[in-house]
$ cat target.cif   # mmCIF, C-alpha atoms
data_run
#
loop_
_atom_site.label_atom_id
_atom_site.label_comp_id
_atom_site.auth_asym_id
_atom_site.auth_seq_id
_atom_site.Cartn_x
_atom_site.Cartn_y
_atom_site.Cartn_z
CA MET A 1 9.91 -34.97 8.60
CA ARG A 2 12.94 -33.40 10.23
CA GLU A 3 12.07 -30.74 12.80
CA SER A 4 14.12 -27.60 13.19
CA GLY A 5 13.35 -27.00 16.87
CA SER A 6 14.93 -23.57 17.11
CA ALA A 7 14.98 -20.17 15.52
CA GLY A 8 17.88 -18.99 13.46
CA PRO A 9 19.16 -18.51 9.93
CA ALA A 10 17.13 -20.23 7.25
CA GLY A 11 19.63 -22.48 5.55
CA ALA A 12 18.95 -23.86 2.10
CA GLY A 13 16.40 -26.68 2.23
CA ARG A 14 15.99 -26.34 5.98
CA HIS A 15 12.66 -27.48 7.34
CA ARG A 16 10.98 -25.01 9.64
CA ARG A 17 8.39 -25.13 12.35
CA LEU A 18 5.90 -22.28 11.90
CA LEU A 19 2.89 -20.94 13.77
CA LEU A 20 0.29 -18.89 11.92
CA VAL A 21 -2.20 -17.06 14.14
CA SER A 22 -5.40 -16.31 12.24
CA THR A 23 -8.83 -16.12 13.81
CA ASN A 24 -10.34 -16.96 10.41
CA TYR A 25 -9.40 -20.22 8.72
CA ALA A 26 -10.84 -23.00 6.55
CA PRO A 27 -13.59 -24.17 6.20
CA GLU A 28 -14.47 -20.45 6.01
CA HIS A 29 -14.50 -19.75 2.28
CA THR A 30 -14.69 -15.94 2.13
CA GLY A 31 -12.68 -13.11 3.63
CA ILE A 32 -9.31 -13.83 5.21
CA GLY A 33 -9.92 -17.54 5.88
CA PRO A 34 -9.03 -18.81 2.37
CA TYR A 35 -5.79 -16.82 2.33
CA ALA A 36 -4.71 -18.10 5.74
CA ALA A 37 -5.48 -21.67 4.69
CA GLN A 38 -3.58 -21.40 1.41
CA ILE A 39 -0.53 -19.89 3.13
CA ALA A 40 -0.42 -22.63 5.78
CA GLU A 41 -1.07 -25.42 3.28
CA HIS A 42 1.66 -24.04 1.03
CA TRP A 43 4.18 -24.18 3.88
CA ALA A 44 3.06 -27.68 4.84
CA ALA A 45 3.44 -28.83 1.23
CA GLN A 46 7.02 -27.50 1.29
CA GLY A 47 7.74 -29.84 4.19
CA HIS A 48 7.54 -27.32 7.03
CA GLU A 49 5.82 -28.33 10.25
CA THR A 50 2.94 -25.89 10.14
CA HIS A 51 0.56 -25.03 12.99
CA VAL A 52 -2.37 -22.60 13.01
CA LEU A 53 -3.98 -21.01 16.07
CA ALA A 54 -7.52 -20.16 14.98
CA GLY A 55 -11.01 -19.47 16.21
CA MET A 56 -14.09 -21.53 15.53
CA PRO A 57 -15.43 -21.17 11.96
CA HIS A 58 -18.12 -18.46 12.00
CA TYR A 59 -17.60 -16.08 9.07
CA PRO A 60 -19.41 -14.54 7.19
CA SER A 61 -22.64 -15.71 8.90
CA TRP A 62 -21.35 -14.72 12.37
CA SER A 63 -22.70 -18.03 13.59
CA VAL A 64 -20.48 -20.93 14.63
CA ASP A 65 -20.38 -23.75 12.09
CA PRO A 66 -22.64 -26.56 13.41
CA GLU A 67 -19.75 -29.05 13.32
CA TYR A 68 -17.86 -26.96 15.89
CA ARG A 69 -20.64 -25.83 18.22
CA GLY A 70 -20.17 -26.65 21.87
CA ARG A 71 -16.41 -27.17 21.53
CA TRP A 72 -14.05 -25.24 23.78
CA ARG A 73 -10.82 -26.49 22.24
CA HIS A 74 -10.29 -28.59 19.18
CA THR A 75 -7.23 -29.78 17.27
CA GLU A 76 -7.47 -31.16 13.76
CA ILE A 77 -5.28 -31.89 10.76
CA ARG A 78 -6.33 -30.18 7.54
CA GLU A 79 -4.25 -30.71 4.40
CA GLY A 80 -1.14 -31.43 6.46
CA VAL A 81 -1.63 -28.42 8.77
CA THR A 82 -2.23 -28.84 12.52
CA VAL A 83 -5.08 -26.46 13.40
CA HIS A 84 -5.58 -25.54 17.06
CA ARG A 85 -9.02 -23.96 17.56
CA ARG A 86 -10.17 -21.97 20.58
CA ARG A 87 -13.72 -20.99 21.51
CA HIS A 88 -14.84 -17.34 21.56
CA THR A 89 -18.00 -15.25 21.59
CA VAL A 90 -19.72 -14.65 18.24
CA PRO A 91 -21.80 -11.45 18.19
CA ARG A 92 -24.71 -11.55 15.77
CA ARG A 93 -24.99 -7.74 15.89
CA GLN A 94 -21.88 -5.59 15.65
CA THR A 95 -21.29 -2.87 18.22
CA ALA A 96 -18.00 -1.68 19.67
CA VAL A 97 -18.78 -3.36 22.99
CA ARG A 98 -19.70 -6.69 21.39
CA ARG A 99 -16.64 -6.58 19.18
CA ALA A 100 -14.52 -5.96 22.27
CA LEU A 101 -16.05 -9.02 23.94
CA PHE A 102 -15.33 -11.05 20.81
CA GLU A 103 -11.69 -9.94 20.79
CA GLY A 104 -11.33 -10.32 24.57
CA SER A 105 -12.64 -13.88 24.59
CA LEU A 106 -10.30 -14.79 21.73
CA LEU A 107 -7.28 -13.30 23.47
CA ALA A 108 -8.03 -14.86 26.85
CA HIS A 109 -8.49 -18.35 25.42
CA LYS A 110 -5.50 -18.18 23.07
CA LEU A 111 -3.15 -17.03 25.84
CA THR A 112 -4.44 -19.33 28.58
CA ALA A 113 -4.49 -22.33 26.25
CA PRO A 114 -1.73 -21.80 23.67
CA PRO A 115 -1.14 -24.56 21.12
CA ARG A 116 0.69 -27.59 22.44
CA MET A 117 3.68 -27.60 20.13
CA PRO A 118 7.45 -27.32 20.34
CA ARG A 119 9.08 -23.94 19.98
CA PRO A 120 8.54 -22.61 16.45
CA ASP A 121 11.04 -20.80 14.26
CA ALA A 122 8.66 -17.87 13.74
CA VAL A 123 5.15 -16.66 14.54
CA ILE A 124 3.08 -15.01 11.80
CA ALA A 125 -0.26 -13.35 12.55
CA GLN A 126 -3.07 -12.15 10.27
CA LEU A 127 -4.69 -8.87 11.37
CA PRO A 128 -7.51 -8.51 12.07
CA SER A 129 -8.14 -9.67 14.68
CA LEU A 130 -6.44 -7.57 17.31
CA ALA A 131 -6.60 -10.53 19.68
CA GLY A 132 -4.71 -12.68 17.21
CA GLY A 133 -2.11 -9.97 16.83
CA VAL A 134 -1.59 -9.62 20.58
CA ALA A 135 -1.56 -13.39 21.07
CA GLY A 136 0.99 -13.79 18.29
CA ALA A 137 3.24 -11.09 19.75
CA ARG A 138 3.05 -12.53 23.27
CA LEU A 139 3.72 -16.10 22.12
CA ALA A 140 6.66 -14.99 19.97
CA ALA A 141 8.10 -13.08 22.93
CA ARG A 142 7.59 -16.09 25.20
CA TRP A 143 9.44 -18.34 22.74
CA ARG A 144 11.91 -15.56 21.82
CA VAL A 145 11.39 -16.05 18.09
CA PRO A 146 10.68 -13.58 15.27
CA TYR A 147 7.16 -12.22 14.97
CA VAL A 148 5.58 -11.01 11.71
CA PRO A 149 2.05 -9.55 11.60
CA VAL A 150 0.34 -9.15 8.22
CA VAL A 151 -2.23 -6.34 8.09
CA GLN A 152 -5.32 -7.32 6.12
CA ASP A 153 -7.51 -4.65 7.74
CA LEU A 154 -6.69 -1.75 10.04
CA MET A 155 -8.95 -2.12 13.05
CA GLY A 156 -8.39 1.37 14.45
CA ALA A 157 -9.41 2.91 11.14
CA ALA A 158 -12.19 0.35 10.77
CA ALA A 159 -13.75 1.32 14.08
CA ALA A 160 -13.83 4.96 13.00
CA GLN A 161 -14.90 4.43 9.38
CA SER A 162 -17.21 1.40 9.30
CA GLY A 163 -20.22 2.90 11.09
CA ILE A 164 -20.18 0.40 13.96
CA GLU A 165 -22.07 1.59 17.03
CA GLY A 166 -19.59 3.12 19.49
CA GLY A 167 -16.85 3.05 16.85
CA ASP A 168 -15.55 6.56 17.49
CA ARG A 169 -14.73 5.73 21.10
CA ALA A 170 -13.27 2.34 20.19
CA SER A 171 -11.04 3.68 17.42
CA ALA A 172 -8.37 5.17 19.68
CA VAL A 173 -8.23 2.03 21.83
CA ALA A 174 -7.93 -0.22 18.78
CA ALA A 175 -5.18 1.97 17.32
CA ARG A 176 -3.18 1.72 20.57
CA VAL A 177 -3.46 -2.06 20.50
CA GLU A 178 -2.41 -2.11 16.84
CA ALA A 179 0.61 0.04 17.68
CA TYR A 180 1.55 -2.38 20.47
CA VAL A 181 1.28 -5.34 18.10
CA LEU A 182 3.10 -3.81 15.14
CA ARG A 183 6.01 -2.27 17.07
CA ARG A 184 6.95 -5.69 18.41
CA ALA A 185 7.40 -7.14 14.94
CA GLY A 186 10.60 -7.96 13.10
CA LEU A 187 8.86 -7.11 9.84
CA VAL A 188 5.31 -6.00 9.08
CA GLY A 189 3.36 -7.10 6.03
CA VAL A 190 0.55 -5.01 4.49
CA ILE A 191 -1.75 -6.15 1.70
CA HIS A 192 -1.76 -2.77 -0.04
CA ASP A 193 0.53 0.23 -0.31
CA THR A 194 -2.26 2.53 0.88
CA PHE A 195 -1.87 0.97 4.36
CA THR A 196 1.77 2.00 4.66
CA ALA A 197 1.16 5.54 5.89
CA LYS A 198 -1.21 4.34 8.62
CA VAL A 199 1.22 1.64 9.76
CA THR A 200 4.08 4.13 9.77
CA ALA A 201 1.97 6.52 11.87
CA LEU A 202 1.54 3.71 14.40
CA GLY A 203 5.30 3.69 14.98
CA VAL A 204 6.66 1.22 12.41
CA ALA A 205 9.70 2.35 10.45
CA PRO A 206 9.01 2.32 6.68
CA ASP A 207 12.01 0.07 6.01
CA ARG A 208 10.36 -2.67 8.10
CA ILE A 209 7.15 -2.73 6.01
CA ARG A 210 6.68 -5.19 3.15
CA THR A 211 3.74 -5.23 0.71
CA LEU A 212 2.09 -8.65 0.31
CA PRO A 213 -0.89 -8.28 -2.05
CA ASN A 214 -3.69 -10.80 -1.80
CA TRP A 215 -4.14 -13.05 -4.82
CA SER A 216 -7.06 -14.55 -6.67
CA HIS A 217 -7.91 -17.66 -4.67
CA VAL A 218 -10.72 -18.95 -6.89
CA ALA A 219 -10.58 -20.84 -10.16
CA ALA A 220 -11.60 -19.32 -13.47
CA PRO A 221 -15.21 -19.94 -14.56
CA THR A 222 -15.70 -23.02 -16.74
CA ARG A 223 -19.40 -23.47 -17.51
CA PRO A 224 -21.54 -21.55 -20.01
CA ARG A 225 -23.09 -18.39 -18.56
CA GLU A 226 -26.46 -19.26 -20.09
CA GLU A 227 -26.57 -22.56 -18.20
CA ILE A 228 -25.92 -20.91 -14.83
CA ARG A 229 -28.39 -18.08 -15.51
CA ARG A 230 -31.15 -20.58 -16.33
CA ARG A 231 -30.46 -22.46 -13.13
CA LEU A 232 -30.60 -19.26 -11.09
CA GLY A 233 -33.76 -18.03 -12.82
CA TRP A 234 -32.10 -15.07 -14.53
CA ALA A 235 -33.63 -14.39 -17.92
CA PRO A 236 -31.36 -13.59 -20.89
CA SER A 237 -32.88 -10.10 -21.01
CA ASP A 238 -32.22 -9.40 -17.31
CA THR A 239 -29.47 -6.96 -16.39
CA VAL A 240 -28.08 -8.67 -13.30
CA VAL A 241 -26.01 -6.72 -10.77
CA LEU A 242 -24.41 -9.11 -8.27
CA HIS A 243 -22.76 -8.34 -4.95
CA SER A 244 -21.01 -11.31 -3.37
CA GLY A 245 -19.53 -11.63 0.10
CA ASN A 246 -19.95 -10.26 3.57
CA MET A 247 -23.03 -8.17 4.35
CA GLY A 248 -21.64 -5.94 7.06
CA LEU A 249 -21.81 -2.30 8.04
CA LYS A 250 -18.78 -1.09 6.10
CA GLN A 251 -20.20 -2.41 2.80
CA GLY A 252 -23.07 0.08 2.90
CA LEU A 253 -25.26 -2.27 0.85
CA GLU A 254 -28.30 -0.06 1.26
CA VAL A 255 -27.10 1.69 -1.91
CA LEU A 256 -27.86 -1.45 -3.92
CA VAL A 257 -31.33 -1.72 -2.42
CA GLN A 258 -31.94 1.90 -3.38
CA THR A 259 -30.59 1.24 -6.87
CA ALA A 260 -33.06 -1.62 -7.31
CA ARG A 261 -35.89 0.70 -6.22
CA LEU A 262 -34.93 3.22 -8.90
CA ASP A 263 -35.23 0.81 -11.83
CA PRO A 264 -37.37 -2.36 -11.73
CA ALA A 265 -35.68 -3.47 -14.98
CA VAL A 266 -32.37 -3.98 -13.17
CA ARG A 267 -32.09 -7.19 -11.17
CA VAL A 268 -29.97 -6.74 -8.03
CA VAL A 269 -28.67 -9.86 -6.30
CA LEU A 270 -27.06 -9.93 -2.84
CA MET A 271 -25.25 -13.24 -2.42
CA GLY A 272 -23.60 -14.12 0.87
CA ASP A 273 -24.17 -13.67 4.56
CA GLY A 274 -23.29 -11.33 7.38
CA ASN A 275 -24.61 -9.50 10.40
CA GLN A 276 -26.54 -6.98 8.27
CA ARG A 277 -28.39 -9.53 6.13
CA GLU A 278 -31.68 -9.42 8.04
CA THR A 279 -31.55 -5.62 8.34
CA LEU A 280 -31.11 -5.43 4.57
CA ARG A 281 -33.98 -7.87 4.05
CA ARG A 282 -36.28 -5.59 6.00
CA PHE A 283 -35.03 -2.53 4.13
CA ALA A 284 -35.65 -4.31 0.81
CA ASP A 285 -39.22 -5.32 1.65
CA GLY A 286 -41.45 -4.68 -1.35
CA VAL A 287 -38.59 -4.48 -3.89
CA PRO A 288 -39.40 -7.32 -6.31
CA ASN A 289 -36.27 -6.95 -8.43
CA LEU A 290 -33.92 -7.56 -5.50
CA GLU A 291 -33.09 -11.08 -4.33
CA PHE A 292 -30.95 -12.64 -1.63
CA LEU A 293 -28.94 -15.78 -2.30
CA PRO A 294 -26.94 -17.87 0.16
CA PRO A 295 -23.19 -18.14 -0.41
CA ALA A 296 -22.53 -20.20 -3.52
CA PRO A 297 -20.82 -23.56 -3.02
CA GLU A 298 -17.09 -23.39 -3.70
CA ASP A 299 -17.36 -25.33 -6.96
CA ASP A 300 -20.15 -23.07 -8.25
CA PHE A 301 -18.78 -19.75 -7.03
CA PRO A 302 -16.67 -18.70 -10.07
CA ASP A 303 -19.43 -19.61 -12.53
CA THR A 304 -22.04 -17.74 -10.49
CA LEU A 305 -19.93 -14.57 -10.55
CA ALA A 306 -19.39 -14.93 -14.30
CA ALA A 307 -23.13 -15.36 -14.91
CA ALA A 308 -23.86 -11.79 -13.73
CA ASP A 309 -23.70 -8.80 -16.04
CA VAL A 310 -22.08 -6.48 -13.49
CA LEU A 311 -20.23 -7.23 -10.26
CA ALA A 312 -20.68 -4.59 -7.57
CA VAL A 313 -18.35 -3.60 -4.76
CA THR A 314 -19.73 -1.02 -2.36
CA GLN A 315 -18.43 0.79 0.70
CA ARG A 316 -19.75 3.50 2.97
CA ALA A 317 -18.49 6.96 2.08
CA SER A 318 -16.49 7.05 5.33
CA VAL A 319 -14.41 4.00 4.35
CA LEU A 320 -11.11 5.11 2.88
CA ASP A 321 -7.95 3.40 4.10
CA MET A 322 -9.05 0.63 6.46
CA SER A 323 -9.34 -2.29 4.02
CA VAL A 324 -9.27 -3.54 0.44
CA PRO A 325 -12.10 -6.07 -0.14
CA SER A 326 -10.84 -9.57 -0.85
CA LYS A 327 -13.79 -10.04 -3.22
CA LEU A 328 -12.02 -7.91 -5.82
CA THR A 329 -9.56 -10.67 -6.69
CA SER A 330 -12.47 -13.07 -7.31
CA TYR A 331 -14.35 -10.45 -9.31
CA PHE A 332 -11.38 -9.86 -11.61
CA ALA A 333 -10.98 -13.60 -12.21
CA ALA A 334 -14.66 -13.90 -13.20
CA GLY A 335 -14.22 -11.78 -16.32
CA ARG A 336 -17.18 -9.46 -15.74
CA PRO A 337 -17.09 -5.64 -15.46
CA VAL A 338 -16.91 -4.21 -11.96
CA VAL A 339 -18.80 -1.16 -10.72
CA ALA A 340 -17.19 0.20 -7.56
CA SER A 341 -19.31 2.51 -5.41
CA VAL A 342 -16.42 3.64 -3.19
CA THR A 343 -14.53 6.73 -2.10
CA ASP A 344 -11.93 7.74 -4.65
CA GLY A 345 -8.39 7.81 -3.29
CA GLY A 346 -8.71 4.66 -1.18
CA GLY A 347 -7.17 1.25 -1.82
CA THR A 348 -10.32 -0.20 -3.37
CA ALA A 349 -10.60 2.58 -5.93
CA TRP A 350 -6.89 2.34 -6.62
CA GLU A 351 -7.13 -1.40 -7.34
CA VAL A 352 -10.16 -1.08 -9.64
CA ARG A 353 -8.45 1.69 -11.59
CA ARG A 354 -5.17 -0.25 -11.81
CA SER A 355 -6.92 -3.38 -13.08
CA GLY A 356 -8.72 -1.58 -15.90
CA ALA A 357 -11.61 -3.95 -15.18
CA GLY A 358 -14.23 -1.56 -13.84
CA VAL A 359 -15.64 1.89 -13.33
CA LEU A 360 -15.81 4.06 -10.22
CA VAL A 361 -18.88 5.90 -8.97
CA PRO A 362 -19.33 7.99 -5.82
CA PRO A 363 -20.26 6.00 -2.70
CA GLU A 364 -23.80 5.99 -1.31
CA ASP A 365 -25.12 7.38 -4.63
CA PRO A 366 -27.69 4.97 -6.10
CA ALA A 367 -28.42 7.20 -9.11
CA ALA A 368 -24.74 7.23 -10.12
CA LEU A 369 -24.50 3.48 -9.62
CA LEU A 370 -27.60 2.92 -11.76
CA THR A 371 -26.24 5.16 -14.52
CA ALA A 372 -23.02 3.13 -14.64
CA VAL A 373 -24.99 -0.14 -14.84
CA ARG A 374 -27.24 1.19 -17.60
CA ASP A 375 -24.23 2.46 -19.57
CA LEU A 376 -22.61 -0.98 -19.45
CA ALA A 377 -25.85 -2.71 -20.42
CA ALA A 378 -26.22 -0.35 -23.41
CA ASP A 379 -22.64 -0.91 -24.59
CA PRO A 380 -21.83 -4.65 -24.59
CA GLU A 381 -18.50 -4.06 -26.31
CA ALA A 382 -17.31 -1.72 -23.55
CA ALA A 383 -18.56 -4.15 -20.92
CA ALA A 384 -16.68 -6.98 -22.63
CA ARG A 385 -13.46 -4.93 -22.74
CA LEU A 386 -13.66 -4.21 -19.02
CA GLY A 387 -14.49 -7.82 -18.23
CA ALA A 388 -11.57 -9.14 -20.27
CA ALA A 389 -9.16 -6.88 -18.41
CA GLY A 390 -9.86 -8.68 -15.11
CA PRO A 391 -8.34 -12.09 -15.93
CA ARG A 392 -5.37 -10.37 -17.60
CA HIS A 393 -4.77 -8.41 -14.39
CA VAL A 394 -5.01 -11.59 -12.34
CA ALA A 395 -2.48 -13.36 -14.56
CA ALA A 396 -0.05 -10.43 -14.46
CA HIS A 397 -0.32 -9.39 -10.81
CA LEU A 398 -2.55 -11.62 -8.68
CA SER A 399 -1.39 -15.18 -9.21
CA ARG A 400 -1.36 -17.49 -6.20
CA ALA A 401 2.22 -18.55 -6.94
CA ALA A 402 3.48 -14.96 -6.85
CA GLY A 403 1.53 -14.18 -3.67
CA LEU A 404 2.84 -17.20 -1.80
CA ALA A 405 6.39 -16.54 -3.00
CA ARG A 406 6.21 -13.13 -1.29
CA TYR A 407 5.35 -14.86 2.01
CA ASP A 408 8.30 -17.21 1.53
CA ALA A 409 10.58 -14.23 0.91
CA LEU A 410 9.25 -12.51 4.03
CA LEU A 411 10.08 -15.57 6.12
CA ASP A 412 13.52 -15.87 4.55
CA GLU A 413 14.25 -12.26 5.38
CA VAL A 414 13.03 -12.28 8.97
CA LEU A 415 14.81 -15.58 9.69
CA SER A 416 18.04 -14.58 7.98
CA GLY A 417 19.37 -12.95 11.12
CA GLN A 418 19.77 -9.59 9.39
CA ARG A 419 16.52 -8.27 10.96
CA PRO A 420 16.09 -9.81 14.41
CA ALA A 421 12.67 -9.61 16.01
CA VAL A 422 11.82 -6.64 18.20
CA ARG A 423 11.01 -8.52 21.41
CA GLY A 424 8.45 -7.14 23.81
CA SER A 425 7.63 -8.38 27.28
CA ALA A 426 5.84 -11.70 27.53
CA ALA A 427 4.09 -10.59 30.66
#
$ encode --input "target.cif" --output "structure tokens"
Amino acid sequence: MRESGSAGPAGAGRHRRLLLVSTNYAPEHTGIGPYAAQIAEHWAAQGHETHVLAGMPHYPSWSVDPEYRGRWRHTEIREGVTVHRRRHTVPRRQTAVRRALFEGSLLAHKLTAPPRMPRPDAVIAQLPSLAGGVAGARLAARWRVPYVPVVQDLMGAAAAQSGIEGGDRASAVAARVEAYVLRRAGLVGVIHDTFTAKVTALGVAPDRIRTLPNWSHVAAPTRPREEIRRRLGWAPSDTVVLHSGNMGLKQGLEVLVQTARLDPAVRVVLMGDGNQRETLRRFADGVPNLEFLPPAPEDDFPDTLAAADVLAVTQRASVLDMSVPSKLTSYFAAGRPVVASVTDGGGTAWEVRRSGAGVLVPPEDPAALLTAVRDLAADPEAAARLGAAGPRHVAAHLSRAAGLARYDALLDEVLSGQRPAVRGSAA
């Protein structure tokens, strides 16, 4: 493969050398990891020399994958992508101090041991984490190449809204770091338009912001629902409410435990992992109609979602404009109605309403959530209409091809020479 070796205009058919900085990466199969992997693999498949600077796989369990334990540095080739991994702390319990140690260890190791590679044409970073954003900005400045951060979550807002211990004090610090990272970018990507105001407030001119929506990264379900329900022990008469994904503070999953307590006839399933899993287990003690499942294997995941009657997305009432859950794209693809227990006006509510695939209820309100579930169970035709809207929305707006094309266009623009990178100090 021909190597470009320098930054500059992106001529037709020109092979590039690219560095993607993303703490989360394959084999992590939920959250940001799958998106980072599909972006990098897409560029590699196009013939670009693609490198990734990542952490050790640890999400959503917040425990390092056994295959990578004990490693300080590790380089591997995955699907044509050279992945440079660096060790970092992994806090089992989230507090502002522990999160700061996590970010600090990532930043220190990424800067003291950057990837051994020739100068890239551009550096792209997925935020969070803040450490990855700072490392990407510093490396781009060192190489004097364009830098493009893509905001998946806003860490300053997250610290204030997620309920993490010490979050109020950490919020201002995180926002200052975000401002540092984003102001040094040639262009800034955001996954949802609701992030634009926050990014602008951090000092980024609106004409430098591009919207790059996440896409549905899972396949459509293929096996009969009845077969999967039998295997999981769900009776045909059960009304199954399934939440899949990270069990963290911002999800506020206590509302689903409380919903299960209100009606023993509703079966609530929490599938996944996260730092709040054991806390939720203790809170759910004595609730027989609530069960915990481990993350479904990748091949079974779409069919497991489709086997439920209702797919739940929940957030604490304080969560408004810090994130849009990646699980929504998978939910829509599954073809089941979504009940969103979230604050109206935020990105999550906006996406559910736009899809036509679900209903909104107030956050942290188990009675309202239960009423929505009962209404759907009592009206199968309405539930079917909502469920059918999800795959249509995916086909129209959330295809992988369209999502990856937006990243290609972003690279073309930042490398065209019309918008040179804003270069900060490499010190």
$ atom_distance --input "target.cif" --atom1 "atom CA of Leu101 of chain A" --atom2 "atom CA of Gly70 of chain A"
18.2 Å
$ closest_atom_pairs --input "target.cif" --of "segment 125-242 of chain A" --to "segment 263-272 of chain A" --cutoff "7 Å" --atoms "only C-alpha atoms" --output "CSV"
residue,atom,partner,partner_atom,distance
A:Asp238,CA,A:Arg267,CA,6.5
A:Thr239,CA,A:Val266,CA,5.3
A:Val240,CA,A:Arg267,CA,4.8
A:Val241,CA,A:Val268,CA,4.8
A:Leu242,CA,A:Val269,CA,4.8
$ resolve_selection --input "target.cif" --expression "the PyMOL selection byres ((chain A and resi 373-389) around 12)" --output "PyMOL selection string"
chain A and resi 237-242+256+259-260+262-263+265-268+305-312+331-341+352-361+366-372+390-397
$ residues_around --input "target.cif" --residues "Pro114 of chain A" --least-positions-apart "2" --cutoff "10 Å" --atoms "all atoms listed in the file" --output "ChimeraX atom specification"
/A:53,84-86,108-112,116-117,135,139
$ atom_distance --input "target.cif" --atom1 "atom CA of Gly133 of chain A" --atom2 "atom CA of Tyr147 of chain A"
9.7 Å
$ resolve_selection --input "target.cif" --expression "the PyMOL selection byres ((chain A and resi 30) around 9)" --output "list in words"
Glu28, His29, Gly31, Ile32, Gly33, Pro34, Tyr35, Tyr59, Pro60, Gly245, Asn246, Ser326 and Lys327 of chain A
$ resolve_selection --input "target.cif" --expression "the PyMOL selection byres ((chain A and resi 217) around 8)" --output "list in words"
Pro34, Tyr35, Trp215, Ser216, Val218, Ala219, Thr329, Ser330 and Arg400 of chain A
$ write_last_selection --input "target.cif" --atoms "C-alpha atoms" --output "short mmCIF file (atom, residue, chain, number, x, y, z; two decimals), in the frame of the given file"
data_model
loop_
_atom_site.label_atom_id
_atom_site.label_comp_id
_atom_site.auth_asym_id
_atom_site.auth_seq_id
_atom_site.Cartn_x
_atom_site.Cartn_y
_atom_site.Cartn_z
CA PRO A 34 -9.03 -18.81 2.37
CA TYR A 35 -5.79 -16.82 2.33
CA TRP A 215 -4.14 -13.05 -4.82
CA SER A 216 -7.06 -14.55 -6.67
CA VAL A 218 -10.72 -18.95 -6.89
CA ALA A 219 -10.58 -20.84 -10.16
CA THR A 329 -9.56 -10.67 -6.69
CA SER A 330 -12.47 -13.07 -7.31
CA ARG A 400 -1.36 -17.49 -6.20
#
$ closest_residue --input "target.cif" --among "A:Ala349, A:Tyr68, A:Glu76, A:Arg316" --to "Glu364 of chain A" --atoms "all atoms listed in the file"
A:Arg316
